[in-house]
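> Before anything else, here's the structure in question.
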Amino acid sequence: MARGLVRRESVETEMQRSEDKGKVFVYTKKRGYEVTRNPHLNKGVAFSLEERLQLGIHGLLPPCFISQDLQLLRELKNYDMKKDDLDRYVFLMGLQDRNEKLFYRVLMSDIEKFMPIIYTPTVGLACQQYGLIFRRPRGLFITIHDRGHIASILQNWPEKDIRAVCVTDGERILGLGDLGCHGMGIPVGKLALYTTCGGMPPQQCLPVMLDVGTDNETLLKDPLYIGLRHKRVRGQAYDDLLDEFMKAVSDRYGMDCLIQFEDFANINAFRLLSKYRNKYCTFNDDIQGTAAVAVAGLLAALRITKTKMCDHTILFQGAGEAAMGIAELISMTMEKEGLTKDESLKKIWMVDSKGLIVKGRDHLTCEKQRFAHEHPQRKKLEDVVQELKPTAIIGVAAVAGAFSEQIIRDMASINERPIIFALSNPTSKAECTAEQCYKFTEGRGIFASGSPFDPVTLPDGRTFYPGQGNNAYIFPGVGLGVTACGLRHISEEIFHTAAESLSHLVTEKDLSEGRLYPPLSSIRDVSLKLAARIMEYAYEHRIATLFPEPLDKEAYVLSLSFSTDYDQFTVDSYHWPANSMAVQTCKL
């Protein structure tokens with residue numbers, strides 16, 4: 001089923017392209033309000049007079065003609081008038097609903113400025129307030145009561161060529177917990193980044209909310225809550241829903257349609273990844289995407305410390321999805337350096353809500369048991385740091401302030417260049433701030449965070465630019481590379497390849513400024529290079545399904561990228577051969 005059943009359907013396409021004398025024109029069967037109210041087609045007062053006449057929208061727009069550049073200026077001025085980040089988020093989502101190309105033009109004009117608004121940390125607040133700010137539905141809402149009918153629900157989605165699906169059940173939204181149906185803001189935001197950071201056309205992306213209820217009592221009592229008003233359904237019924245969903249998506253859009261799992265609770269995330277990873281083209285960004293971006297940061301940090309990964313002792317604050325994913329990729333890196341699997345695992349320690357994970361502790365999950373070592377039980381992170389003397393601490397438990405001043409100072413006394421990663425999102429859940437790290441280590445700390453922090457200037461005049469370990473450095477490039485060459489399954493090696501590639505893009509100048517990642521302003525180029533490298537890996541290991549193999553992979557990926565330039569519309573007109581158009585007549 002090369003690209004799924006949908007490719008065999010006889011459907012009326014929304015837009016078709018044709019080339020005439022080197023120019024690309026688009027024609028559509030839609031007319032009037034159907035054009036101006038369709039975000040894929042609408043370009044506001046940038047429609048020419050000829051287009052307005054042909055599309056039946058003359059008179060529906062003000063009598064002026066302006067460029068996209070001027071439209072951009074107007075939107076930026078409107079944006080700057082908003083009083084807070086939530087208002088800015090609502091404004092941008094409204095623009096996305098009206099004019100898709102202009103929306104992405106705005107985002108791409110300053111990715112560093114807008115990414116914290118459309119994604120973390122603001123998207124967390126937006127999800128909390130989703131019932132209040134809800135305007136227009138985006139994506140598909142599939143509920144536990146739709147079992148047996150998911151295939152027909154997918155047919156309701158207007159786009160036919162879907163390459164990437166981002167799905168959540170809303171149970172573990174960032175570090176905010178169970179937000180139920182309000183978690184839809186996450187897949188919407190993630191897929192906006194697929195386009196902004198990776199260039200994947202937005203029409204090829206599908207956000208999905210699997211609503212099985214919520215255990216959040218506040219939401220269940222909230223009259224503005226937009227989801228099912230009952231406790232979460234678990235067990236076999238939940239599993240049946242997921243099985244049907246995965247099969248329906250792959251049947252409709254093809255086995256090479258990427259399905260990204262996002263913000264599932266620990267109890268489901270690991271087992272669903274294990275269950276589906278060798279059957280479908282899927283990955284869990286909280287586990288594997290976070291792992292790749294964290295390991296990329298560590299690999300960049302090794303260039304500062306002049307050491308290898310196997311020289312380090314890593315301590316995690318947290319033992320959930322992110323911690324396990326990062327630990328697995330660290331272990332893989334150490335194995336590549338020559339350690340055995342057991343030797344690598346012994347260099348990785350974890351602290352969860354009950355303290356240090358050690359052998360003999362009760363009620364350890366199978367994932368945690370792999371990182372349980374012989375050591376006396378310790379409850380406090382401060383005691384663990386003093387006894388284990390780690391070279392790197394990584395916070396992924398969403399416990400705000402977990403890296404106290406004492407812990408940071410201890411790390412600085414143990415290590416010449418302590419590695420301190422406060423990766424929890426949103427900003428309010430960060431284990432420490434960039435300023436605290438640099439201040440308490442006297443500028444010797446190697447810092448990365450999950451959410452953005454402003455540059456820090458120390459009393460001696462040195463300025464550091466904290467590295468943001470944002471998954472957006474990884475998942476758009478991975479998604480682009482995977483879909484470009486038609487991978488059917490995504491192995492851990494793909495994410496290790498992405499991590500290595502990302503670390504190689506960090507310059508010596510970046511490192512000297514405290515950055516462990518390239519500037520966000522270059523993220524489109526980063527995603528392009530990651531995608532090309534993943535394609536190279538896929539063809540080297542004979543797991544790609546696209547043939548013939550593109551010789552210039554960067555150029556090929558670039559050719560697939562979404563453009564924010566407006567299309568030129570024309571009527572669907574053409575000529576027959578002259579002899580076929582000859583008018584027959586007769587003499588009367």
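For the structure tokens, the naming scheme is as follows: chains receive sequential letters (A, B, ...) according to their order of presentation, residues are indexed from 1 within each chain, and ligands are indexed from 1 in presentation order.
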Which polymer residues have any atom within 9 Å of an atom of stretch 351-366 of chain A, counting only C-alpha atoms, with same-chain residues fewer than 5 positions away left out, as a count of residues only?
19
> Pick out the residues sitting within 12 Å of A:Arg234, and hand them over as JSON, numbers by chain; count only C-alpha atoms, and ignore anything fewer than 5 positions along from it in its own chain.
{"A": [144, 169, 171, 211, 212, 213, 214, 215, 239, 240, 241, 242, 265, 267, 268]}
> How would you write, as a PyMOL selection string, the set of residues in stretch 160-322 of chain A that DSSP gives as helix (DSSP H, G or I)?
chain A and resi 180-198+202-204+217-220+236-253+266-276+285-305+309-311+321-322
> Leaving out A:Val35 and any residue of its chain fewer than 6 positions from it, which residues lie within 9 Å of it when counting only C-alpha atoms, given as a tab-separated table (two decimals) with all heavy atoms, in the first residue's frame?

chain	number	residue	atom	x	y	z
A	28	THR	N	-7.81	26.63	-8.64
A	28	THR	CA	-8.67	25.97	-7.66
A	28	THR	C	-10.11	26.06	-8.13
A	28	THR	O	-10.49	27.00	-8.85
A	28	THR	CB	-8.55	26.63	-6.27
A	28	THR	OG1	-9.47	26.02	-5.37
A	28	THR	CG2	-8.81	28.13	-6.32
A	41	LEU	N	-5.55	29.01	0.96
A	41	LEU	CA	-5.68	29.78	-0.26
A	41	LEU	C	-5.61	31.29	-0.03
A	41	LEU	O	-5.12	32.03	-0.88
A	41	LEU	CB	-7.03	29.46	-0.94
A	41	LEU	CG	-7.30	28.00	-1.31
A	41	LEU	CD1	-8.73	27.85	-1.83
A	41	LEU	CD2	-6.31	27.53	-2.36
A	42	ASN	N	-6.10	31.72	1.11
A	42	ASN	CA	-6.25	33.16	1.35
A	42	ASN	C	-4.91	33.89	1.42
A	42	ASN	O	-3.96	33.42	2.05
A	42	ASN	CB	-7.01	33.37	2.66
A	42	ASN	CG	-7.26	34.83	2.95
A	42	ASN	OD1	-7.52	35.62	2.04
A	42	ASN	ND2	-7.17	35.20	4.21
A	55	LEU	N	-11.51	34.62	-9.31
A	55	LEU	CA	-11.92	33.79	-8.17
A	55	LEU	C	-13.25	34.24	-7.57
A	55	LEU	O	-13.71	33.65	-6.58
A	55	LEU	CB	-10.84	33.82	-7.10
A	55	LEU	CG	-9.48	33.21	-7.49
A	55	LEU	CD1	-8.44	33.45	-6.40
A	55	LEU	CD2	-9.61	31.72	-7.77
A	56	GLY	N	-13.85	35.26	-8.12
A	56	GLY	CA	-15.14	35.71	-7.61
A	56	GLY	C	-15.06	36.37	-6.24
A	56	GLY	O	-16.01	36.28	-5.45
A	57	ILE	N	-13.95	37.05	-5.98
A	57	ILE	CA	-13.80	37.69	-4.66
A	57	ILE	C	-13.65	39.20	-4.78
A	57	ILE	O	-13.42	39.88	-3.79
A	57	ILE	CB	-12.59	37.12	-3.89
A	57	ILE	CG1	-11.29	37.31	-4.68
A	57	ILE	CG2	-12.80	35.65	-3.55
A	57	ILE	CD1	-10.03	36.87	-3.90
> Quick one: DSSP strand (DSSP E) residues in stretch 122-313 of chain A, as an mmCIF file with all heavy atoms, in the first residue's frame?

data_model
loop_
_atom_site.group_PDB
_atom_site.id
_atom_site.type_symbol
_atom_site.label_atom_id
_atom_site.label_comp_id
_atom_site.auth_asym_id
_atom_site.auth_seq_id
_atom_site.Cartn_x
_atom_site.Cartn_y
_atom_site.Cartn_z
ATOM 1 N N LEU A 140 -7.788 16.612 14.410
ATOM 2 C CA LEU A 140 -8.867 15.647 14.616
ATOM 3 C C LEU A 140 -9.005 15.300 16.093
ATOM 4 O O LEU A 140 -8.015 15.067 16.782
ATOM 5 C CB LEU A 140 -8.585 14.358 13.837
ATOM 6 C CG LEU A 140 -8.963 14.318 12.355
ATOM 7 C CD1 LEU A 140 -8.601 12.961 11.777
ATOM 8 C CD2 LEU A 140 -10.444 14.608 12.147
ATOM 9 N N PHE A 141 -10.246 15.248 16.558
ATOM 10 C CA PHE A 141 -10.554 14.813 17.914
ATOM 11 C C PHE A 141 -11.216 13.447 17.819
ATOM 12 O O PHE A 141 -12.322 13.316 17.299
ATOM 13 C CB PHE A 141 -11.496 15.807 18.601
ATOM 14 C CG PHE A 141 -10.895 17.169 18.817
ATOM 15 C CD1 PHE A 141 -10.875 18.115 17.808
ATOM 16 C CD2 PHE A 141 -10.342 17.508 20.055
ATOM 17 C CE1 PHE A 141 -10.320 19.373 18.007
ATOM 18 C CE2 PHE A 141 -9.782 18.756 20.263
ATOM 19 C CZ PHE A 141 -9.774 19.696 19.240
ATOM 20 N N ILE A 142 -10.519 12.434 18.316
ATOM 21 C CA ILE A 142 -11.031 11.060 18.278
ATOM 22 C C ILE A 142 -11.204 10.602 19.715
ATOM 23 O O ILE A 142 -10.290 10.725 20.539
ATOM 24 C CB ILE A 142 -10.057 10.127 17.534
ATOM 25 C CG1 ILE A 142 -9.891 10.589 16.078
ATOM 26 C CG2 ILE A 142 -10.541 8.681 17.581
ATOM 27 C CD1 ILE A 142 -8.817 9.837 15.305
ATOM 28 N N THR A 143 -12.382 10.070 20.053
ATOM 29 C CA THR A 143 -12.668 9.711 21.439
ATOM 30 C C THR A 143 -12.739 8.200 21.632
ATOM 31 O O THR A 143 -12.806 7.429 20.666
ATOM 32 C CB THR A 143 -14.000 10.325 21.915
ATOM 33 O OG1 THR A 143 -15.089 9.554 21.373
ATOM 34 C CG2 THR A 143 -14.135 11.773 21.473
ATOM 35 N N ALA A 164 2.939 13.301 8.198
ATOM 36 C CA ALA A 164 3.292 13.280 9.627
ATOM 37 C C ALA A 164 2.055 13.516 10.476
ATOM 38 O O ALA A 164 1.303 14.475 10.265
ATOM 39 C CB ALA A 164 4.348 14.339 9.928
ATOM 40 N N VAL A 165 1.849 12.622 11.443
ATOM 41 C CA VAL A 165 0.768 12.741 12.418
ATOM 42 C C VAL A 165 1.389 12.920 13.796
ATOM 43 O O VAL A 165 2.323 12.193 14.156
ATOM 44 C CB VAL A 165 -0.127 11.474 12.410
ATOM 45 C CG1 VAL A 165 -1.148 11.527 13.542
ATOM 46 C CG2 VAL A 165 -0.814 11.315 11.062
ATOM 47 N N CYS A 166 0.908 13.890 14.559
ATOM 48 C CA CYS A 166 1.341 14.046 15.947
ATOM 49 C C CYS A 166 0.136 13.800 16.837
ATOM 50 O O CYS A 166 -0.893 14.471 16.691
ATOM 51 C CB CYS A 166 1.909 15.444 16.190
ATOM 52 S SG CYS A 166 2.591 15.671 17.859
ATOM 53 N N VAL A 167 0.242 12.837 17.743
ATOM 54 C CA VAL A 167 -0.906 12.406 18.531
ATOM 55 C C VAL A 167 -0.596 12.457 20.021
ATOM 56 O O VAL A 167 0.523 12.151 20.450
ATOM 57 C CB VAL A 167 -1.346 10.976 18.118
ATOM 58 C CG1 VAL A 167 -0.215 9.961 18.326
ATOM 59 C CG2 VAL A 167 -2.594 10.542 18.877
ATOM 60 N N THR A 168 -1.581 12.867 20.811
ATOM 61 C CA THR A 168 -1.467 12.856 22.268
ATOM 62 C C THR A 168 -2.778 12.395 22.879
ATOM 63 O O THR A 168 -3.827 12.466 22.237
ATOM 64 C CB THR A 168 -1.121 14.264 22.809
ATOM 65 O OG1 THR A 168 -0.877 14.195 24.220
ATOM 66 C CG2 THR A 168 -2.255 15.252 22.569
ATOM 67 N N CYS A 205 0.623 17.679 7.467
ATOM 68 C CA CYS A 205 0.720 17.419 8.909
ATOM 69 C C CYS A 205 -0.672 17.337 9.531
ATOM 70 O O CYS A 205 -1.547 18.155 9.226
ATOM 71 C CB CYS A 205 1.514 18.526 9.596
ATOM 72 S SG CYS A 205 3.191 18.743 8.963
ATOM 73 N N LEU A 206 -0.863 16.368 10.412
ATOM 74 C CA LEU A 206 -2.174 16.167 11.038
ATOM 75 C C LEU A 206 -2.047 16.040 12.549
ATOM 76 O O LEU A 206 -1.481 15.069 13.052
ATOM 77 C CB LEU A 206 -2.835 14.903 10.470
ATOM 78 C CG LEU A 206 -4.152 14.444 11.131
ATOM 79 C CD1 LEU A 206 -5.206 15.536 11.056
ATOM 80 C CD2 LEU A 206 -4.656 13.159 10.476
ATOM 81 N N PRO A 207 -2.571 17.026 13.322
ATOM 82 C CA PRO A 207 -2.595 16.904 14.785
ATOM 83 C C PRO A 207 -3.814 16.081 15.231
ATOM 84 O O PRO A 207 -4.912 16.251 14.677
ATOM 85 C CB PRO A 207 -2.719 18.355 15.278
ATOM 86 C CG PRO A 207 -2.999 19.193 14.071
ATOM 87 C CD PRO A 207 -3.072 18.315 12.869
ATOM 88 N N VAL A 208 -3.615 15.216 16.208
ATOM 89 C CA VAL A 208 -4.702 14.343 16.666
ATOM 90 C C VAL A 208 -4.745 14.320 18.192
ATOM 91 O O VAL A 208 -3.719 14.163 18.858
ATOM 92 C CB VAL A 208 -4.534 12.896 16.145
ATOM 93 C CG1 VAL A 208 -5.624 11.990 16.709
ATOM 94 C CG2 VAL A 208 -4.552 12.868 14.622
ATOM 95 N N MET A 209 -5.957 14.456 18.734
ATOM 96 C CA MET A 209 -6.198 14.270 20.159
ATOM 97 C C MET A 209 -7.022 12.994 20.350
ATOM 98 O O MET A 209 -8.100 12.854 19.780
ATOM 99 C CB MET A 209 -6.964 15.475 20.724
ATOM 100 C CG MET A 209 -7.685 15.223 22.045
ATOM 101 S SD MET A 209 -6.645 14.641 23.403
ATOM 102 C CE MET A 209 -5.556 16.015 23.618
ATOM 103 N N LEU A 210 -6.468 12.057 21.130
ATOM 104 C CA LEU A 210 -7.221 10.858 21.513
ATOM 105 C C LEU A 210 -7.821 11.121 22.888
ATOM 106 O O LEU A 210 -7.115 11.078 23.899
ATOM 107 C CB LEU A 210 -6.301 9.633 21.540
ATOM 108 C CG LEU A 210 -5.681 9.210 20.210
ATOM 109 C CD1 LEU A 210 -4.785 7.993 20.409
ATOM 110 C CD2 LEU A 210 -6.751 8.917 19.161
ATOM 111 N N ASP A 211 -9.094 11.431 22.933
ATOM 112 C CA ASP A 211 -9.757 11.803 24.182
ATOM 113 C C ASP A 211 -10.364 10.562 24.829
ATOM 114 O O ASP A 211 -11.355 10.012 24.343
ATOM 115 C CB ASP A 211 -10.840 12.844 23.907
ATOM 116 C CG ASP A 211 -11.415 13.446 25.183
ATOM 117 O OD1 ASP A 211 -11.079 12.941 26.279
ATOM 118 O OD2 ASP A 211 -12.195 14.404 25.091
ATOM 119 N N LEU A 258 4.595 9.031 9.126
ATOM 120 C CA LEU A 258 5.207 9.157 10.448
ATOM 121 C C LEU A 258 4.144 9.446 11.508
ATOM 122 O O LEU A 258 3.314 10.344 11.342
ATOM 123 C CB LEU A 258 6.237 10.298 10.429
ATOM 124 C CG LEU A 258 6.849 10.704 11.767
ATOM 125 C CD1 LEU A 258 7.667 9.572 12.351
ATOM 126 C CD2 LEU A 258 7.698 11.947 11.598
ATOM 127 N N ILE A 259 4.167 8.685 12.606
ATOM 128 C CA ILE A 259 3.235 8.904 13.721
ATOM 129 C C ILE A 259 4.066 9.228 14.961
ATOM 130 O O ILE A 259 4.764 8.368 15.493
ATOM 131 C CB ILE A 259 2.345 7.663 13.968
ATOM 132 C CG1 ILE A 259 1.607 7.270 12.687
ATOM 133 C CG2 ILE A 259 1.349 7.953 15.097
ATOM 134 C CD1 ILE A 259 0.827 5.964 12.804
ATOM 135 N N GLN A 260 3.996 10.476 15.401
ATOM 136 C CA GLN A 260 4.780 10.928 16.553
ATOM 137 C C GLN A 260 3.905 10.955 17.797
ATOM 138 O O GLN A 260 2.883 11.631 17.841
ATOM 139 C CB GLN A 260 5.346 12.322 16.297
ATOM 140 C CG GLN A 260 6.067 12.922 17.503
ATOM 141 C CD GLN A 260 6.626 14.298 17.212
ATOM 142 O OE1 GLN A 260 7.018 14.598 16.089
ATOM 143 N NE2 GLN A 260 6.672 15.147 18.225
ATOM 144 N N PHE A 261 4.317 10.208 18.835
ATOM 145 C CA PHE A 261 3.610 10.203 20.114
ATOM 146 C C PHE A 261 4.117 11.353 20.976
ATOM 147 O O PHE A 261 5.318 11.593 21.060
ATOM 148 C CB PHE A 261 3.823 8.878 20.840
ATOM 149 C CG PHE A 261 2.937 7.765 20.341
ATOM 150 C CD1 PHE A 261 3.132 7.200 19.095
ATOM 151 C CD2 PHE A 261 1.899 7.292 21.123
ATOM 152 C CE1 PHE A 261 2.321 6.181 18.627
ATOM 153 C CE2 PHE A 261 1.072 6.265 20.671
ATOM 154 C CZ PHE A 261 1.284 5.708 19.417
ATOM 155 N N THR A 282 7.093 5.126 13.666
ATOM 156 C CA THR A 282 6.668 5.895 14.831
ATOM 157 C C THR A 282 7.816 6.156 15.790
ATOM 158 O O THR A 282 8.812 5.421 15.798
ATOM 159 C CB THR A 282 5.530 5.153 15.572
ATOM 160 O OG1 THR A 282 5.032 5.982 16.631
ATOM 161 C CG2 THR A 282 6.024 3.839 16.166
ATOM 162 N N PHE A 283 7.689 7.208 16.574
ATOM 163 C CA PHE A 283 8.623 7.473 17.666
ATOM 164 C C PHE A 283 7.924 8.301 18.730
ATOM 165 O O PHE A 283 6.858 8.885 18.490
ATOM 166 C CB PHE A 283 9.900 8.169 17.173
ATOM 167 C CG PHE A 283 9.753 9.631 16.806
ATOM 168 C CD1 PHE A 283 10.028 10.629 17.728
ATOM 169 C CD2 PHE A 283 9.378 10.009 15.519
ATOM 170 C CE1 PHE A 283 9.908 11.971 17.393
ATOM 171 C CE2 PHE A 283 9.268 11.347 15.176
ATOM 172 C CZ PHE A 283 9.532 12.333 16.116
ATOM 173 N N ASN A 284 8.509 8.317 19.919
ATOM 174 C CA ASN A 284 7.983 9.115 21.030
ATOM 175 C C ASN A 284 8.957 10.255 21.281
ATOM 176 O O ASN A 284 10.098 10.032 21.678
ATOM 177 C CB ASN A 284 7.819 8.244 22.288
ATOM 178 C CG ASN A 284 7.170 9.018 23.427
ATOM 179 O OD1 ASN A 284 7.644 10.067 23.846
ATOM 180 N ND2 ASN A 284 6.085 8.467 23.956
#
> Could you pull the residues within 7 Å of stretch 485-493 of chain A, counting only C-alpha atoms, minus those fewer than 4 positions along the same chain, as JSON, numbers by chain?
{"A": [255, 256, 277, 278, 280, 281, 282, 283, 481, 497, 535, 543, 544, 545, 546]}
> Export N, CA, C and O atoms of the chosen residues as a short mmCIF file (atom, residue, chain, number, x, y, z; two decimals), in the first residue's frame?

data_model
loop_
_atom_site.label_atom_id
_atom_site.label_comp_id
_atom_site.auth_asym_id
_atom_site.auth_seq_id
_atom_site.Cartn_x
_atom_site.Cartn_y
_atom_site.Cartn_z
N MET A 255 2.23 3.07 5.10
CA MET A 255 3.09 2.56 6.17
C MET A 255 4.27 3.48 6.45
O MET A 255 4.93 3.35 7.48
N ASP A 256 4.56 4.39 5.51
CA ASP A 256 5.65 5.33 5.75
C ASP A 256 5.15 6.68 6.26
O ASP A 256 5.91 7.65 6.27
N ARG A 277 7.03 0.24 17.66
CA ARG A 277 8.19 0.77 16.96
C ARG A 277 8.67 -0.09 15.81
O ARG A 277 9.22 0.43 14.83
N ASN A 278 8.47 -1.40 15.90
CA ASN A 278 8.91 -2.29 14.82
C ASN A 278 7.78 -2.67 13.87
O ASN A 278 7.97 -3.46 12.94
N TYR A 280 5.27 0.03 12.96
CA TYR A 280 4.88 1.24 12.25
C TYR A 280 6.05 2.23 12.21
O TYR A 280 7.05 2.05 12.90
N CYS A 281 5.88 3.27 11.42
CA CYS A 281 6.87 4.36 11.37
C CYS A 281 6.52 5.34 12.49
O CYS A 281 5.72 6.26 12.30
N THR A 282 7.09 5.13 13.67
CA THR A 282 6.67 5.90 14.83
C THR A 282 7.82 6.16 15.79
O THR A 282 8.81 5.42 15.80
N PHE A 283 7.69 7.21 16.57
CA PHE A 283 8.62 7.47 17.67
C PHE A 283 7.92 8.30 18.73
O PHE A 283 6.86 8.89 18.49
N GLY A 481 13.70 13.90 7.34
CA GLY A 481 14.55 12.86 6.76
C GLY A 481 13.83 11.54 6.61
O GLY A 481 13.96 10.85 5.59
N THR A 497 22.32 9.19 15.34
CA THR A 497 22.86 9.88 14.16
C THR A 497 22.46 11.36 14.18
O THR A 497 23.29 12.24 13.90
N MET A 535 18.98 10.57 5.77
CA MET A 535 18.80 9.90 4.48
C MET A 535 20.05 9.12 4.10
O MET A 535 19.95 7.98 3.63
N ILE A 543 17.62 0.73 4.37
CA ILE A 543 16.30 0.75 4.99
C ILE A 543 15.40 1.81 4.38
O ILE A 543 14.25 1.96 4.78
N ALA A 544 15.91 2.56 3.40
CA ALA A 544 15.09 3.54 2.69
C ALA A 544 14.23 2.82 1.66
O ALA A 544 14.60 1.77 1.14
N THR A 545 13.06 3.39 1.34
CA THR A 545 12.17 2.78 0.34
C THR A 545 11.99 3.67 -0.88
O THR A 545 11.29 3.27 -1.82
N LEU A 546 12.57 4.87 -0.85
CA LEU A 546 12.48 5.77 -2.00
C LEU A 546 13.59 5.46 -2.99
O LEU A 546 14.77 5.50 -2.63
#
> Need to verify the contact set: A:Ala400, 9 Å, only C-alpha atoms, exclusion of same-chain residues closer than 5 positions in sequence. Can you return it as a PDB file with N, CA and C atoms, in the first residue's frame?

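Writing done, so here's selection11.pdb:
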ATOM      1  N   SER A 424      13.696  20.525  32.324  1.00  0.00           N
ATOM      2  CA  SER A 424      12.244  20.449  32.498  1.00  0.00           C
ATOM      3  C   SER A 424      11.540  21.675  31.920  1.00  0.00           C
ATOM      4  N   THR A 427       9.260  26.916  31.773  1.00  0.00           N
ATOM      5  CA  THR A 427      10.290  27.614  32.541  1.00  0.00           C
ATOM      6  C   THR A 427      10.032  27.536  34.035  1.00  0.00           C
ATOM      7  N   SER A 428       8.766  27.590  34.426  1.00  0.00           N
ATOM      8  CA  SER A 428       8.414  27.565  35.850  1.00  0.00           C
ATOM      9  C   SER A 428       8.791  26.255  36.523  1.00  0.00           C
ATOM     10  N   LYS A 429       9.054  25.219  35.731  1.00  0.00           N
ATOM     11  CA  LYS A 429       9.414  23.910  36.279  1.00  0.00           C
ATOM     12  C   LYS A 429      10.912  23.622  36.194  1.00  0.00           C
ATOM     13  N   ALA A 430      11.706  24.578  35.720  1.00  0.00           N
ATOM     14  CA  ALA A 430      13.141  24.355  35.552  1.00  0.00           C
ATOM     15  C   ALA A 430      13.822  24.093  36.886  1.00  0.00           C
ATOM     16  N   GLU A 431      14.803  23.174  36.892  1.00  0.00           N
ATOM     17  CA  GLU A 431      15.509  22.790  38.118  1.00  0.00           C
ATOM     18  C   GLU A 431      16.365  23.921  38.674  1.00  0.00           C
ATOM     19  N   CYS A 432      16.846  24.781  37.795  1.00  0.00           N
ATOM     20  CA  CYS A 432      17.543  25.995  38.196  1.00  0.00           C
ATOM     21  C   CYS A 432      17.540  26.938  37.009  1.00  0.00           C
TER      22      CYS A 432
END
> Applying 12 Å and only C-alpha atoms, which residues near A:Leu339 remain after dropping the ones on its own chain fewer than 5 positions away? List them as JSON, numbers by chain.
{"A": [308, 309, 310, 311, 330, 331, 332, 333, 334, 344, 345, 346, 347]}
> Can I get the selected residues back with N, CA and C atoms, as an mmCIF file, in the first residue's frame?

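Output contents, as saved in again31.cif:
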data_model
loop_
_atom_site.group_PDB
_atom_site.id
_atom_site.type_symbol
_atom_site.label_atom_id
_atom_site.label_comp_id
_atom_site.auth_asym_id
_atom_site.auth_seq_id
_atom_site.Cartn_x
_atom_site.Cartn_y
_atom_site.Cartn_z
ATOM 1 N N LYS A 308 35.773 12.002 26.982
ATOM 2 C CA LYS A 308 34.844 11.135 26.277
ATOM 3 C C LYS A 308 33.626 10.895 27.166
ATOM 4 N N MET A 309 32.536 10.422 26.575
ATOM 5 C CA MET A 309 31.332 10.167 27.354
ATOM 6 C C MET A 309 31.590 9.128 28.432
ATOM 7 N N CYS A 310 32.409 8.122 28.134
ATOM 8 C CA CYS A 310 32.648 7.048 29.100
ATOM 9 C C CYS A 310 33.483 7.512 30.291
ATOM 10 N N ASP A 311 34.037 8.732 30.237
ATOM 11 C CA ASP A 311 34.786 9.268 31.371
ATOM 12 C C ASP A 311 33.868 9.870 32.428
ATOM 13 N N ILE A 330 22.828 7.738 25.950
ATOM 14 C CA ILE A 330 24.158 7.900 26.567
ATOM 15 C C ILE A 330 24.876 6.548 26.598
ATOM 16 N N SER A 331 24.133 5.522 27.002
ATOM 17 C CA SER A 331 24.693 4.174 27.061
ATOM 18 C C SER A 331 25.176 3.730 25.677
ATOM 19 N N MET A 332 24.376 4.021 24.646
ATOM 20 C CA MET A 332 24.763 3.665 23.282
ATOM 21 C C MET A 332 26.054 4.373 22.887
ATOM 22 N N THR A 333 26.171 5.656 23.276
ATOM 23 C CA THR A 333 27.386 6.420 22.972
ATOM 24 C C THR A 333 28.599 5.809 23.663
ATOM 25 N N MET A 334 28.430 5.430 24.935
ATOM 26 C CA MET A 334 29.546 4.816 25.671
ATOM 27 C C MET A 334 29.952 3.484 25.055
ATOM 28 N N SER A 344 28.485 0.551 30.799
ATOM 29 C CA SER A 344 27.904 1.868 30.516
ATOM 30 C C SER A 344 26.742 2.174 31.464
ATOM 31 N N LEU A 345 25.925 1.166 31.755
ATOM 32 C CA LEU A 345 24.777 1.388 32.640
ATOM 33 C C LEU A 345 25.226 1.746 34.058
ATOM 34 N N LYS A 346 26.363 1.223 34.482
ATOM 35 C CA LYS A 346 26.857 1.484 35.835
ATOM 36 C C LYS A 346 27.330 2.919 36.014
ATOM 37 N N LYS A 347 27.485 3.637 34.917
ATOM 38 C CA LYS A 347 27.908 5.033 34.997
ATOM 39 C C LYS A 347 26.724 5.992 35.006
#
> Within 9 Å of stretch 503-511 of chain A, counting only C-alpha atoms, which residues show up once you throw out same-chain ones fewer than 3 positions away? Write them as an MDAnalysis selection string, please.
chainID A and resid 293 295:301 303:304 465 498:500 514:519 526
> Ranking A:Leu102, A:Leu86, A:Cys257, A:Ala237 by minimum distance to A:Val45 and counting only C-alpha atoms, which one comes first?
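Counting only C-alpha atoms, the residue closest to A:Val45 is A:Leu102.
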